[in-house]
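A.B. asks: One file: start_28.cif (mmCIF, C-alpha atoms and all ligand atoms).
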data_structure
loop_
_atom_site.label_atom_id
_atom_site.label_comp_id
_atom_site.auth_asym_id
_atom_site.auth_seq_id
_atom_site.Cartn_x
_atom_site.Cartn_y
_atom_site.Cartn_z
CA MET A 1 126.71 79.94 155.14
CA THR A 2 129.00 77.05 156.00
CA ARG A 3 127.45 73.65 155.91
CA LEU A 4 127.23 71.52 159.03
CA LEU A 5 129.85 69.16 157.59
CA GLU A 6 132.37 69.86 154.85
CA PHE A 7 134.57 67.49 152.86
CA THR A 8 138.12 68.79 153.13
CA SER A 9 141.57 67.45 152.30
CA ARG A 10 141.93 66.65 156.01
CA GLY A 11 138.65 64.73 156.17
CA VAL A 12 135.00 65.36 156.98
CA TYR A 13 135.02 68.57 159.01
CA CYS A 14 132.51 70.17 161.36
CA ALA A 15 133.63 73.80 161.59
CA ARG A 16 131.19 74.74 164.34
CA ALA A 17 132.56 71.99 166.62
CA ASP A 18 136.09 72.13 165.15
CA CYS A 19 136.41 68.36 164.80
CA TYR A 20 136.96 65.86 162.01
CA ILE A 21 135.40 62.48 161.32
CA ASP A 22 138.04 59.87 160.33
CA PRO A 23 140.62 62.60 159.52
CA LYS A 24 143.21 61.87 156.85
CA ARG A 25 145.79 64.11 158.51
CA VAL A 26 146.83 65.08 162.01
CA VAL A 27 144.10 67.17 163.70
CA ASP A 28 143.21 68.30 167.21
CA HIS A 29 139.87 66.51 167.56
CA ALA A 30 139.06 63.29 165.71
CA ILE A 31 135.88 61.23 165.80
CA ILE A 32 136.70 57.72 164.59
CA THR A 33 134.14 55.37 163.02
CA HIS A 34 136.36 52.27 163.37
CA ALA A 35 140.01 51.28 163.69
CA HIS A 36 140.84 50.18 160.13
CA SER A 37 143.96 52.01 158.98
CA ASP A 38 142.17 54.07 156.29
CA HIS A 39 139.84 55.50 158.94
CA ALA A 40 142.04 55.74 162.06
CA ARG A 41 145.36 57.46 161.53
CA ARG A 42 148.22 58.17 163.89
CA GLY A 43 149.15 61.55 165.35
CA SER A 44 145.96 63.43 166.21
CA LYS A 45 145.69 65.12 169.61
CA HIS A 46 142.43 63.55 170.74
CA TYR A 47 140.26 60.65 169.55
CA LEU A 48 136.60 59.98 170.31
CA ALA A 49 135.31 56.52 169.41
CA HIS A 50 133.04 53.71 170.57
CA ARG A 51 134.31 52.06 173.77
CA LEU A 52 135.13 48.81 171.90
CA THR A 53 137.11 50.71 169.27
CA VAL A 54 139.18 52.70 171.77
CA PRO A 55 141.29 49.71 172.98
CA VAL A 56 142.06 48.86 169.32
CA LEU A 57 143.10 52.49 168.73
CA HIS A 58 145.50 52.24 171.68
CA HIS A 59 146.86 48.95 170.28
CA ARG A 60 147.36 50.35 166.79
CA LEU A 61 148.11 54.07 167.31
CA GLY A 62 149.88 54.06 170.67
CA LYS A 63 149.16 53.43 174.33
CA LYS A 64 149.53 57.11 175.23
CA ILE A 65 147.11 58.67 172.75
CA SER A 66 144.31 60.74 174.26
CA THR A 67 140.96 58.97 173.84
CA GLN A 68 137.34 59.34 174.88
CA PRO A 69 135.24 56.16 174.77
CA VAL A 70 131.49 56.50 174.28
CA GLU A 71 128.54 54.14 174.11
CA TYR A 72 126.23 53.83 171.12
CA GLY A 73 123.56 56.50 171.36
CA GLU A 74 125.43 58.58 173.96
CA GLU A 75 125.17 62.25 173.10
CA ILE A 76 128.26 64.46 173.06
CA ILE A 77 127.59 68.19 172.65
CA ILE A 78 130.39 70.39 171.30
CA ASN A 79 129.58 74.09 170.86
CA GLY A 80 125.91 73.25 170.46
CA VAL A 81 126.47 70.45 167.91
CA ARG A 82 125.10 67.08 169.02
CA PHE A 83 127.21 64.05 168.09
CA SER A 84 126.31 60.40 168.70
CA LEU A 85 127.60 57.04 167.45
CA HIS A 86 125.32 54.30 166.15
CA PRO A 87 126.06 50.66 165.21
CA ALA A 88 127.45 50.22 161.68
CA GLY A 89 127.67 46.40 161.70
CA HIS A 90 131.06 46.51 159.93
CA VAL A 91 133.46 45.24 162.63
CA ILE A 92 133.26 45.08 166.44
CA GLY A 93 132.76 48.63 167.77
CA SER A 94 132.22 50.21 164.34
CA ALA A 95 129.97 53.24 164.27
CA GLN A 96 128.07 55.67 162.09
CA VAL A 97 128.35 59.26 163.27
CA ARG A 98 125.14 61.26 163.68
CA VAL A 99 125.61 65.04 163.74
CA GLU A 100 122.77 67.44 164.61
CA PHE A 101 122.60 71.21 164.78
CA ALA A 102 119.60 73.54 164.65
CA GLY A 103 117.27 70.73 163.59
CA GLU A 104 119.47 69.53 160.71
CA VAL A 105 120.82 65.97 160.89
CA TRP A 106 123.73 64.45 158.98
CA VAL A 107 124.96 60.85 159.21
CA VAL A 108 128.45 59.72 158.19
CA THR A 109 128.41 55.95 157.87
CA GLY A 110 132.07 54.98 157.81
CA ASP A 111 132.12 51.38 156.54
CA TYR A 112 129.00 49.31 157.20
CA LYS A 113 126.98 46.25 156.38
CA LEU A 114 123.34 45.45 157.03
CA GLU A 115 123.82 41.72 157.56
CA HIS A 116 124.04 40.67 161.22
CA ASP A 117 127.10 38.47 161.80
CA MET A 118 126.77 37.73 165.55
CA LEU A 119 129.92 39.70 166.30
CA ALA A 120 129.82 43.22 164.85
CA GLY A 121 126.23 43.89 165.93
CA SER A 122 123.33 45.07 163.78
CA PHE A 123 123.46 48.16 161.58
CA GLU A 124 121.10 50.74 163.03
CA PRO A 125 119.22 52.85 160.47
CA VAL A 126 119.43 56.51 161.54
CA ARG A 127 117.02 59.03 160.02
CA CYS A 128 118.74 62.11 158.67
CA ASP A 129 118.57 64.96 156.16
CA VAL A 130 122.00 64.27 154.64
CA PHE A 131 123.43 60.76 154.38
CA CYS A 132 127.16 60.30 153.68
CA THR A 133 127.58 56.70 152.60
CA GLU A 134 130.53 54.56 151.56
CA SER A 135 130.20 52.70 148.22
CA THR A 136 133.03 50.15 148.27
CA PHE A 137 130.78 47.65 146.48
CA GLY A 138 128.47 50.14 144.78
CA LEU A 139 127.84 48.21 141.57
CA PRO A 140 124.90 45.85 140.89
CA VAL A 141 127.31 42.96 140.25
CA TYR A 142 128.12 42.92 143.97
CA ARG A 143 125.29 41.00 145.59
CA TRP A 144 126.26 38.67 148.42
CA PRO A 145 124.98 35.11 148.55
CA GLU A 146 123.43 33.95 151.79
CA SER A 147 126.30 33.69 154.27
CA ALA A 148 125.28 30.37 155.87
CA GLY A 149 125.78 28.67 152.48
CA VAL A 150 129.15 30.33 151.92
CA ILE A 151 130.33 29.33 155.39
CA GLY A 152 129.16 25.77 154.68
CA ASP A 153 131.25 25.76 151.48
CA MET A 154 134.24 27.10 153.43
CA ASN A 155 133.98 24.36 156.06
CA GLU A 156 133.62 21.74 153.32
CA TRP A 157 136.77 23.09 151.60
CA TRP A 158 138.70 22.67 154.87
CA ARG A 159 137.40 19.10 155.38
CA LYS A 160 138.38 18.12 151.83
CA ASN A 161 141.86 19.62 152.22
CA LYS A 162 142.28 17.73 155.49
CA GLN A 163 141.32 14.45 153.80
CA ASN A 164 144.02 15.14 151.21
CA GLY A 165 146.64 16.06 153.82
CA ILE A 166 146.71 19.71 152.73
CA THR A 167 146.74 22.69 155.11
CA SER A 168 143.93 25.21 154.53
CA VAL A 169 145.04 28.86 154.48
CA LEU A 170 142.42 31.63 154.65
CA PHE A 171 143.33 35.27 154.03
CA GLY A 172 141.49 37.76 156.20
CA TYR A 173 142.28 41.18 157.67
CA SER A 174 143.38 41.09 161.28
CA LEU A 175 140.60 43.42 162.48
CA GLY A 176 137.14 42.24 161.63
CA LYS A 177 137.35 39.54 158.98
CA ALA A 178 139.65 37.30 161.04
CA GLN A 179 137.36 37.34 164.08
CA ARG A 180 134.31 36.72 161.91
CA LEU A 181 136.02 33.74 160.28
CA LEU A 182 136.97 32.35 163.70
CA TYR A 183 133.33 32.51 164.71
CA SER A 184 132.25 30.86 161.46
CA VAL A 185 134.57 27.92 160.94
CA ASP A 186 133.76 24.45 162.31
CA GLN A 187 136.57 24.00 164.81
CA THR A 188 135.80 20.29 165.26
CA THR A 189 137.45 19.75 161.86
CA GLY A 190 140.97 20.39 163.14
CA PRO A 191 143.30 22.86 164.85
CA VAL A 192 143.08 26.57 163.96
CA TYR A 193 146.16 28.78 163.77
CA VAL A 194 146.19 32.55 163.39
CA HIS A 195 148.92 35.06 162.57
CA PRO A 196 150.22 36.91 165.68
CA ALA A 197 148.75 40.22 164.39
CA ILE A 198 145.33 38.57 164.47
CA GLU A 199 145.87 37.04 167.90
CA GLN A 200 146.82 40.46 169.30
CA ILE A 201 143.50 41.91 168.13
CA ASN A 202 141.67 38.82 169.45
CA GLU A 203 143.22 39.43 172.86
CA VAL A 204 142.26 43.13 172.84
CA PHE A 205 138.63 42.09 172.34
CA ARG A 206 138.79 39.24 174.88
CA GLN A 207 139.91 41.80 177.46
CA GLN A 208 136.71 43.72 176.66
CA GLY A 209 134.68 40.60 177.44
CA ILE A 210 134.03 39.50 173.87
CA PRO A 211 134.30 35.70 173.68
CA ILE A 212 136.68 35.31 170.73
CA PRO A 213 137.47 31.58 170.43
CA LYS A 214 140.87 30.50 171.77
CA VAL A 215 143.12 29.28 168.96
CA HIS A 216 146.80 28.58 168.32
CA THR A 217 149.17 31.35 167.31
CA LEU A 218 151.21 30.66 164.20
CA SER A 219 154.99 30.73 164.48
CA GLY A 220 156.94 31.97 161.50
CA SER A 221 159.67 29.38 161.82
CA THR A 222 158.55 26.37 163.83
CA ALA A 223 156.87 23.39 162.23
CA VAL A 224 153.91 22.09 164.22
CA ASN A 225 152.08 18.78 164.47
CA ASN A 226 148.80 18.17 162.66
CA MET A 227 149.47 21.01 160.25
CA GLU A 228 147.97 18.96 157.42
CA SER A 229 144.58 19.06 159.17
CA ALA A 230 144.86 22.69 160.25
CA LEU A 231 143.18 25.87 159.15
CA VAL A 232 145.48 28.89 159.14
CA ILE A 233 144.11 32.46 159.08
CA ILE A 234 146.60 35.17 158.10
CA PRO A 235 146.32 38.75 156.81
CA PRO A 236 146.73 38.91 152.99
CA ASN A 237 150.00 40.85 153.23
CA ALA A 238 151.62 38.25 155.52
CA MET A 239 151.93 35.73 152.68
CA LYS A 240 155.09 37.27 151.27
CA ASN A 241 156.93 37.28 154.60
CA GLY A 242 157.64 33.57 154.83
CA TRP A 243 154.89 32.67 157.28
CA LEU A 244 154.04 29.50 155.38
CA ASP A 245 157.59 28.40 154.54
CA HIS A 246 157.44 25.52 157.02
CA VAL A 247 154.06 24.28 155.74
CA PRO A 248 154.74 21.54 153.16
CA ARG A 249 151.44 21.58 151.22
CA TYR A 250 148.67 24.11 151.44
CA SER A 251 145.68 25.54 149.61
CA THR A 252 144.82 29.23 149.85
CA ALA A 253 141.50 31.06 149.82
CA TYR A 254 140.34 34.65 150.11
CA ALA A 255 137.26 35.51 152.13
CA SER A 256 136.20 38.78 150.52
CA GLY A 257 133.44 40.58 148.69
CA TRP A 258 135.83 40.95 145.76
CA MET A 259 135.44 37.21 145.17
CA ALA A 260 131.99 38.00 143.72
CA THR A 261 133.76 39.11 140.52
CA GLN A 262 137.29 37.70 140.92
CA ASN A 263 138.58 40.40 138.56
CA ILE A 264 141.02 41.98 140.99
CA SER A 265 144.58 40.84 140.46
CA TRP A 266 145.33 40.04 144.08
CA VAL A 267 142.34 37.73 144.26
CA ARG A 268 143.86 35.60 141.52
CA ASN A 269 146.79 34.85 143.81
CA ALA A 270 144.64 32.41 145.79
CA ASP A 271 143.42 28.92 144.85
CA THR A 272 139.82 29.67 145.67
CA GLY A 273 137.58 32.24 147.33
CA PHE A 274 134.51 32.75 149.45
CA VAL A 275 132.19 35.73 149.12
CA ILE A 276 132.17 36.99 152.70
CA SER A 277 132.24 40.74 153.12
CA ASP A 278 132.10 43.18 156.01
CA HIS A 279 130.70 45.83 153.65
CA ALA A 280 127.17 46.32 152.36
CA ASP A 281 126.50 44.87 148.92
CA TRP A 282 124.55 46.72 146.20
CA ASP A 283 121.18 45.87 147.76
CA GLY A 284 122.47 46.77 151.24
CA LEU A 285 123.70 50.19 150.08
CA ASN A 286 120.36 50.96 148.46
CA GLU A 287 118.48 49.76 151.54
CA ALA A 288 120.62 51.91 153.85
CA VAL A 289 119.98 55.00 151.71
CA ARG A 290 116.24 54.30 151.72
CA LEU A 291 116.14 53.70 155.51
CA SER A 292 118.00 56.97 156.18
CA GLY A 293 115.07 58.94 154.78
CA ALA A 294 117.59 61.46 153.44
CA GLU A 295 117.00 63.37 150.21
CA THR A 296 120.64 64.40 149.91
CA VAL A 297 123.27 61.66 149.68
CA TYR A 298 127.04 62.09 149.43
CA VAL A 299 128.88 59.01 148.20
CA THR A 300 132.46 58.26 149.28
CA HIS A 301 134.93 55.36 149.00
CA GLY A 302 134.67 53.02 146.03
CA PHE A 303 132.29 53.29 143.09
CA THR A 304 131.30 56.85 143.96
CA GLU A 305 130.50 58.04 140.41
CA GLN A 306 128.43 54.99 139.53
CA PHE A 307 126.48 54.74 142.76
CA SER A 308 125.73 58.47 142.98
CA ARG A 309 124.57 58.49 139.33
CA TRP A 310 122.24 55.59 140.11
CA LEU A 311 120.87 57.46 143.13
CA ARG A 312 120.26 60.58 141.03
CA GLU A 313 118.30 58.42 138.58
CA GLN A 314 116.19 57.32 141.56
CA GLY A 315 115.41 60.95 142.41
CA TYR A 316 117.97 61.63 145.12
CA ASP A 317 120.12 64.73 145.26
CA ALA A 318 123.31 62.65 145.19
CA LEU A 319 126.94 63.57 144.55
CA PRO A 320 130.23 61.63 144.51
CA ILE A 321 132.78 62.89 147.00
CA ASP A 322 136.46 62.16 146.43
CA TYR A 323 138.36 64.07 149.03
ZN ZN B 401 136.69 49.27 157.48
#
Would you write the structure of this file as structure tokens?
C.D. replies:
Amino acid sequence: MTRLLEFTSRGVYCARADCYIDPKRVVDHAIITHAHSDHARRGSKHYLAHRLTVPVLHHRLGKKISTQPVEYGEEIIINGVRFSLHPAGHVIGSAQVRVEFAGEVWVVTGDYKLEHDMLAGSFEPVRCDVFCTESTFGLPVYRWPESAGVIGDMNEWWRKNKQNGITSVLFGYSLGKAQRLLYSVDQTTGPVYVHPAIEQINEVFRQQGIPIPKVHTLSGSTAVNNMESALVIIPPNAMKNGWLDHVPRYSTAYASGWMATQNISWVRNADTGFVISDHADWDGLNEAVRLSGAETVYVTHGFTEQFSRWLREQGYDALPIDY
């Protein structure tokens, strides 16, 4: 008997409905948890996603792609299989996928966090028989400090840099982290500039009615006034493309869960760091598994071996999945 969902080289597959969740290759029918590039790939024939994710898919994958926007909790039935999306709290529009057939329920989380950040919404626990969870930070060393304190430290870092005439540069991914940082920083300190890739995503969300703060867009070549009091937010990979060449003095910081250990080489390329993550930490992963009520847990993305072993020690039927 085939299982309701299978882990294949193309992605998580539901044979009965002939569709994939976050497919890794080109497929006919894709259900997308969120628009980060390792979950939403170009070329599939049709994409189903939350209505706030769909405009980002069009921005990133092409205006002409075929899409179907759905609300959280809206039920889509394909060949008797019931699909619905539920808040994952990871980035704006991110979703867990609930799949039900003949009384059996699976949940595929995509990326998620339990902490409410005012922007991505609250993670919704969904009861299920089989829980497929990410484990990006699935080690006990990853436990996030309270975010209000971290944001206070980040604002203090900017104020100190400003007093010393140094531009503050924060690295954050253009979808998710950048918007969260914009919501978090104290904009009375000075002007805020963002990389154009970030501003494009900001504008996509503003058009959906989400009040992303208005900020300046960074130019790659033009020097601007008051740069020494500014905060600049750019994606980590933009650093090497000369975006800061016209900034005389600056200090850099990563806003990332990896800063909890600082043992990743790319983290060392910054002057400082702030532990702000859009993923669940160790306690959050364990809490999500508990809240699911599932006895069977499949662990993907990240520390799959370690987290699934831990879950087995706690009595779960847990397996790492590297597909
Ligand atoms: Zn993600």
A.B. asks: Quick check, in Å to one decimal: how far apart do CA of Ala30 (chain A) and CA of Gly293 (chain A) lie?
C.D. replies: 26.7 Å
A.B. asks: Would you list the residues that come within 9 Å of ligand ZN 401 (chain B)? Count only C-alpha atoms and all ligand atoms and give the answer as a short mmCIF file (atom, residue, chain, number, x, y, z; two decimals) with C-alpha atoms, in the coordinates of the input.
C.D. replies:
data_model
loop_
_atom_site.label_atom_id
_atom_site.label_comp_id
_atom_site.auth_asym_id
_atom_site.auth_seq_id
_atom_site.Cartn_x
_atom_site.Cartn_y
_atom_site.Cartn_z
CA THR A 33 134.14 55.37 163.02
CA HIS A 34 136.36 52.27 163.37
CA ALA A 35 140.01 51.28 163.69
CA HIS A 36 140.84 50.18 160.13
CA SER A 37 143.96 52.01 158.98
CA ASP A 38 142.17 54.07 156.29
CA HIS A 39 139.84 55.50 158.94
CA HIS A 90 131.06 46.51 159.93
CA VAL A 91 133.46 45.24 162.63
CA SER A 94 132.22 50.21 164.34
CA GLY A 110 132.07 54.98 157.81
CA ASP A 111 132.12 51.38 156.54
CA TYR A 112 129.00 49.31 157.20
CA LEU A 175 140.60 43.42 162.48
CA GLY A 176 137.14 42.24 161.63
CA ASP A 278 132.10 43.18 156.01
CA HIS A 279 130.70 45.83 153.65
#
A.B. asks: So that I can see what lies close to Phe303 (chain A), please list as an MDAnalysis selection string the residues with an atom at most 7 Å from it, counting all atoms listed in the file and leaving out residues fewer than 4 positions away in the same chain.
C.D. replies: chainID A and resid 135:139 307
A.B. asks: Find the residue from A:Pro23, A:Val232, A:Ile201, A:Phe101 that sits nearest to His216 (chain A); use all atoms listed in the file when measuring.
C.D. replies: A:Val232
A.B. asks: Give the answer as one residue: which of A:Glu228, A:Asp28, A:Glu146, A:Glu156 has the shortest atom-to-atom distance to Val275 (chain A), using all atoms listed in the file?
C.D. replies: A:Glu146
A.B. asks: Please indicate the distance in Å from CA of Gly43 (chain A) to CA of Leu61 (chain A), rounded to one decimal place.
C.D. replies: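 We find that CA of Gly43 (chain A) and CA of Leu61 (chain A) lie 7.8 Å from each other.
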A.B. asks: May I ask for the distance between CA of Gly273 (chain A) and CA of Leu285 (chain A), given in Å to one decimal place?
C.D. replies: 22.9 Å
A.B. asks: Ranking A:Gln207, A:Pro145, A:Val107, A:Lys240 by minimum distance to Val297 (chain A) and counting only C-alpha atoms, which one comes first?
C.D. replies: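 Smallest separation from Val297 (chain A) among the options: A:Val107.
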A.B. asks: Show which residues sit within 10 Å of Val130 (chain A), as a list in words. Count only C-alpha atoms, and ignore same-chain residues fewer than 2 positions away.
C.D. replies: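 Residues meeting the cut-off are Leu4, Leu5, Val99, Glu104, Val105, Trp106, Val107, Val108, Arg127, Cys128, Cys132, Thr133, Val289, Ser292, Gly293, Ala294, Glu295, Thr296, Val297, Tyr298, Asp317 and Ala318 of chain A.
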A.B. asks: Got a sec: who's within 10 Å of region 80-87 of chain A, counting all atoms listed in the file, leaving out chain neighbours fewer than 6 positions off, as a ChimeraX atom specification?
C.D. replies: /A:4,14,16-17,31-33,48-50,70-74,93-102,105-109,112-113,120-126
A.B. asks: Identify which of the residues A:Arg290, A:Arg249, A:Lys177, A:Lys64 lies closest to Ser277 (chain A), counting all atoms listed in the file when measuring atom-to-atom distances.
C.D. replies: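 The closest residue to Ser277 (chain A) is A:Lys177.
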A.B. asks: Restricting the calculation to all atoms listed in the file, which member of A:Lys162, A:Trp258, A:Leu182, A:Pro235 is positioned closest to Pro196 (chain A)?
C.D. replies: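 Looking at the shortest contact to Pro196 (chain A), the residue is A:Pro235.
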A.B. asks: Point out the residue among A:Ala260, A:Tyr142, A:Leu57, A:Ala255 with the least atom-to-atom distance to Arg42 (chain A), counting all atoms listed in the file.
C.D. replies: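 Residue with the minimum atom-to-atom distance to Arg42 (chain A): A:Leu57.
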A.B. asks: Within 10 Å of (143.2, 27.1, 163.6), in the coordinates the file gives, what residues turn up when you count only C-alpha atoms, written out as an mmCIF file with C-alpha atoms, keeping the file's coordinate frame?
C.D. replies:
data_model
loop_
_atom_site.group_PDB
_atom_site.id
_atom_site.type_symbol
_atom_site.label_atom_id
_atom_site.label_comp_id
_atom_site.auth_asym_id
_atom_site.auth_seq_id
_atom_site.Cartn_x
_atom_site.Cartn_y
_atom_site.Cartn_z
ATOM 1 C CA SER A 168 143.930 25.210 154.530
ATOM 2 C CA VAL A 169 145.040 28.860 154.480
ATOM 3 C CA LEU A 182 136.970 32.350 163.700
ATOM 4 C CA VAL A 185 134.570 27.920 160.940
ATOM 5 C CA ASP A 186 133.760 24.450 162.310
ATOM 6 C CA GLN A 187 136.570 24.000 164.810
ATOM 7 C CA THR A 189 137.450 19.750 161.860
ATOM 8 C CA GLY A 190 140.970 20.390 163.140
ATOM 9 C CA PRO A 191 143.300 22.860 164.850
ATOM 10 C CA VAL A 192 143.080 26.570 163.960
ATOM 11 C CA TYR A 193 146.160 28.780 163.770
ATOM 12 C CA VAL A 194 146.190 32.550 163.390
ATOM 13 C CA HIS A 195 148.920 35.060 162.570
ATOM 14 C CA PRO A 213 137.470 31.580 170.430
ATOM 15 C CA LYS A 214 140.870 30.500 171.770
ATOM 16 C CA VAL A 215 143.120 29.280 168.960
ATOM 17 C CA HIS A 216 146.800 28.580 168.320
ATOM 18 C CA THR A 217 149.170 31.350 167.310
ATOM 19 C CA LEU A 218 151.210 30.660 164.200
ATOM 20 C CA MET A 227 149.470 21.010 160.250
ATOM 21 C CA SER A 229 144.580 19.060 159.170
ATOM 22 C CA ALA A 230 144.860 22.690 160.250
ATOM 23 C CA LEU A 231 143.180 25.870 159.150
ATOM 24 C CA VAL A 232 145.480 28.890 159.140
ATOM 25 C CA ILE A 233 144.110 32.460 159.080
#
A.B. asks: Neighbours of Ala178 (chain A) within 8 Å (all atoms listed in the file; same-chain residues fewer than 6 positions away dropped), as a list in words?
C.D. replies: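 Here the answer would be Gly172, Ile198, Ile233 and Ile234 of chain A.
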A.B. asks: Residues near Thr252 (chain A), anyone? I mean within 6 Å using only C-alpha atoms, not counting same-chain ones fewer than 5 positions away, as a ChimeraX atom specification.
C.D. replies: /A:169-170,270-271
